[in-house]
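Structure first, commentary second.
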Amino acid sequence: MQKIYDLVVIGGGISSSTFISEILKKGFKGKIAVIEAGRGLGGRCSTRYLNKDKKLALNHGCPIFNVKTSLKNSSLDNFIKELLSKNLIKSLENSYFNFDHNCKLSREKNNSFYFGDIYTSTSNMSKLVEKLFHLYNSNDQIDFYFETLIIKLNFKSELWSLLSNKNKKIIGKFLVCSSNLLLHKRSLDILNVGEIPLREAITKKNNIKIDEIIKKTNKQEYIKRVNFLIFTKKNFNLKGNFNKEIIHFIFNDKLQKDIGFERIICQKQFDNSLGIVIHTKNMDSILSKYAKEDSNLLSQYISNKLNTFLIKNNIIYKKFLIEDISIMNWRASQPIGEGIPKRLQLCEEYNIGFCGDWIQSEDYGSAAGAILSGLNLSNNFIEYY
């Protein structure tokens with residue numbers, strides 16, 4: 001007999017973990033299914049581990065999150081205080097450096113992702129998301145489905161039916177989408193389907209809210225990034241003021257074109273090695289060039305460019321040696337355009353809700369924005385349910 005969940009949540013990232021943590025805390029007793037297309041939890045707060053030593057962890061999506069003074073409200077304040085009291089997160093010194101078009105340190109502090117109070121996980125970001133899911137899951141209410149990509153939705157007789165690309169069927173009374181993939185036109189190519197899944201499930205003019213959220217969602221575009229994930233050899237530190245736990249080097253638009261990198265994030269490891277994430281955009285020509293040759297040449301190209309920048313700016317004492325390098329291709333790393341209004345987060349008629357960094361807030365597109373959306377949806381869901 002097919003199991004019927006009280007709640008099905010698509011996506012295993014920071015917004016859905018915040019949402020589930022809060023509804024369990026507020027007394028939700030139902031059975032929950034969490035469906036994640038990846039192999040583990042985290043979403044854009046994911047962590048990459050070194051195969052040789054799993055204690056070496058690189059937060060390659062979102063190593064920190066910031067809370068601006070203007071963002072603060074009682075719900076968010078209480079959430080942050082609880083995570084601090086339970087030692088799940090810690091405050092972090094705001095360590096980021098802007099470089100101007102001449103590749104010189106700039107005094108400008110204009111990146112909104114670094115304003116306000118800065119926090120990071122006491123372990124790593126994937127672990128933070130995992131711990132949030134289980135914070136109030138003492139009754140084992142959550143079942144996780146990993147490597148499960150949903151390609152079809154159906155709503156009938158007050159139940160949601162979800163079908164995966166491997167013909168796995170999951171049924172639930174209420175559905176939450178923490179990703180907008182199933183609402184967005186990019187699903188046609190990514191999922192190889194003929195109709196946007198939510199549009200197929202709820203045809204046009206059947207619900208004003210659904211029509212509006214699909215329309216607004218499809219005006220959003222996404223930044224596509226290629227990240228290079230690097231672990232250095234042991235006993236490697238940055239110089240002086242740069243020798244921090246997590247440090248960000250941010251490049252302006254002109255320098256991004258010249259150097260080829262959008263930003264560099266260095267994260268200290270327990271053995272004094274470094275984890276380094278290089279965020280890039282518009283790398284298609286470089287990737288295609290080296291794809292036709294030995295892949296080691298691409299690693300050498302990235303290593304040389306990175307070493308040249310770090311040595312030229314007195315950030316490192318000597319060239320670093322690479323222990324491991326890999327590539328992460330983000331097809332949708334950050335939403336661009338107008339966020340979805342909070343009033344559309346819950347559609348009671350069709351038992352569906354939405355959360356994620358694509359929901360409108362002052363911190364739209366960030367981890368803090370994703371957290372806020374999860375908190376807001378949890379309040380609305382509990383009132384409704």
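Note on naming: chains are A, B, ... as they come in the structure tokens, residues start from 1 per chain, ligands start from 1 in the order shown.
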
Residues within 6 Å of region 88-98 of chain A, only C-alpha atoms, excluding chain neighbours under 6 positions, as a PyMOL selection string
chain A and resi 105-106+118-122+247-251

Applying 8 Å and only C-alpha atoms, which residues near Gln269 (chain A) remain after dropping the ones on its own chain fewer than 3 positions away? List them as a list in words.
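Everything that qualifies: Leu56, Ala57, Asn272, Ser273, Leu274 and Gly275 of chain A.
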
Report as a list in words all protein, DNA and RNA residues lying within 8 Å of Ile327 (chain A), evaluated on only C-alpha atoms, omitting residues in the same chain fewer than 2 positions from it.
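My list of contacting residues is Val226, Asn227, Phe228, Leu229, Ile325 and Asn329 of chain A.
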
Which residues are near Ser74 (chain A)? Cut-off 12 Å, only C-alpha atoms, ignore same chain within fewer than 4 positions. Put them as a compact mmCIF listing (two decimals) with N, CA and C atoms, in the first residue's frame.
```
# COMPACT_ATOMS: atom_id res chain seq x y z
N ASN A 78 15.18 35.31 17.34
CA ASN A 78 15.04 34.11 18.18
C ASN A 78 15.69 32.90 17.53
N PHE A 79 15.58 32.80 16.21
CA PHE A 79 16.19 31.69 15.47
C PHE A 79 17.71 31.73 15.61
N ILE A 80 18.30 32.91 15.40
CA ILE A 80 19.76 33.06 15.52
C ILE A 80 20.22 32.79 16.94
N LYS A 81 19.50 33.31 17.92
CA LYS A 81 19.86 33.10 19.32
C LYS A 81 19.84 31.62 19.68
N LEU A 372 14.89 33.47 6.15
CA LEU A 372 13.70 34.27 6.41
C LEU A 372 12.46 33.68 5.76
N LEU A 375 11.27 30.73 7.80
CA LEU A 375 10.60 31.16 9.03
C LEU A 375 9.20 31.68 8.74
N ASN A 376 9.08 32.48 7.69
CA ASN A 376 7.78 33.05 7.34
C ASN A 376 6.78 31.96 6.94
```

Ranking A:Glu212, A:Asp100, A:Glu22, A:Glu36 by minimum distance to Leu255 (chain A) and counting only C-alpha atoms, which one comes first?
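Ranking A:Glu212, A:Asp100, A:Glu22, A:Glu36 by distance to Leu255 (chain A), first place goes to A:Asp100.
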
For Asn218 (chain A), please output as a PDB file with N, CA, C and O atoms, in the first residue's frame all residues within 10 Å (counting only C-alpha atoms; exclusion window: fewer than 5 positions along the same chain).
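To be explicit, this is the file written out as result11.pdb:
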```
ATOM      1  N   ASN A 180      12.579  26.555  -7.008  1.00  0.00           N
ATOM      2  CA  ASN A 180      11.522  26.935  -7.958  1.00  0.00           C
ATOM      3  C   ASN A 180      11.654  26.201  -9.294  1.00  0.00           C
ATOM      4  O   ASN A 180      10.989  26.559 -10.262  1.00  0.00           O
ATOM      5  N   LEU A 181      12.499  25.163  -9.343  1.00  0.00           N
ATOM      6  CA  LEU A 181      12.723  24.445 -10.601  1.00  0.00           C
ATOM      7  C   LEU A 181      11.418  23.941 -11.206  1.00  0.00           C
ATOM      8  O   LEU A 181      11.214  24.037 -12.416  1.00  0.00           O
ATOM      9  N   LEU A 183       8.603  25.154 -11.100  1.00  0.00           N
ATOM     10  CA  LEU A 183       7.751  26.252 -11.537  1.00  0.00           C
ATOM     11  C   LEU A 183       8.357  27.000 -12.719  1.00  0.00           C
ATOM     12  O   LEU A 183       7.688  27.828 -13.336  1.00  0.00           O
ATOM     13  N   HIS A 184       9.625  26.744 -12.992  1.00  0.00           N
ATOM     14  CA  HIS A 184      10.423  27.601 -13.870  1.00  0.00           C
ATOM     15  C   HIS A 184      10.634  26.954 -15.242  1.00  0.00           C
ATOM     16  O   HIS A 184      10.756  25.737 -15.352  1.00  0.00           O
ATOM     17  N   LYS A 185      10.744  27.783 -16.246  1.00  0.00           N
ATOM     18  CA  LYS A 185      10.900  27.305 -17.626  1.00  0.00           C
ATOM     19  C   LYS A 185      12.178  26.504 -17.843  1.00  0.00           C
ATOM     20  O   LYS A 185      12.240  25.671 -18.764  1.00  0.00           O
ATOM     21  N   ARG A 186      13.188  26.706 -16.989  1.00  0.00           N
ATOM     22  CA  ARG A 186      14.424  25.933 -17.155  1.00  0.00           C
ATOM     23  C   ARG A 186      14.194  24.449 -16.896  1.00  0.00           C
ATOM     24  O   ARG A 186      15.009  23.599 -17.273  1.00  0.00           O
ATOM     25  N   GLU A 212      -0.087  33.581 -10.689  1.00  0.00           N
ATOM     26  CA  GLU A 212       0.804  34.716 -10.447  1.00  0.00           C
ATOM     27  C   GLU A 212       2.205  34.255 -10.084  1.00  0.00           C
ATOM     28  O   GLU A 212       3.201  34.814 -10.569  1.00  0.00           O
ATOM     29  N   ILE A 213       2.321  33.235  -9.237  1.00  0.00           N
ATOM     30  CA  ILE A 213       3.657  32.805  -8.814  1.00  0.00           C
ATOM     31  C   ILE A 213       4.422  32.174  -9.977  1.00  0.00           C
ATOM     32  O   ILE A 213       5.636  32.373 -10.122  1.00  0.00           O
ATOM     33  N   GLY A 337      16.511  39.325 -10.593  1.00  0.00           N
ATOM     34  CA  GLY A 337      15.192  39.842 -10.936  1.00  0.00           C
ATOM     35  C   GLY A 337      14.371  40.067  -9.686  1.00  0.00           C
ATOM     36  O   GLY A 337      14.882  40.030  -8.563  1.00  0.00           O
TER      37      GLY A 337
END
```

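Taking only C-alpha atoms, the non-local environment of Gly339 (chain A) within 8 Å (same-chain residues fewer than 2 positions away omitted) comprises Lys216, Thr217, Gln220, Gly337, Pro341, Trp358, Ile359, Gln360, Ser361 and Tyr364 of chain A.
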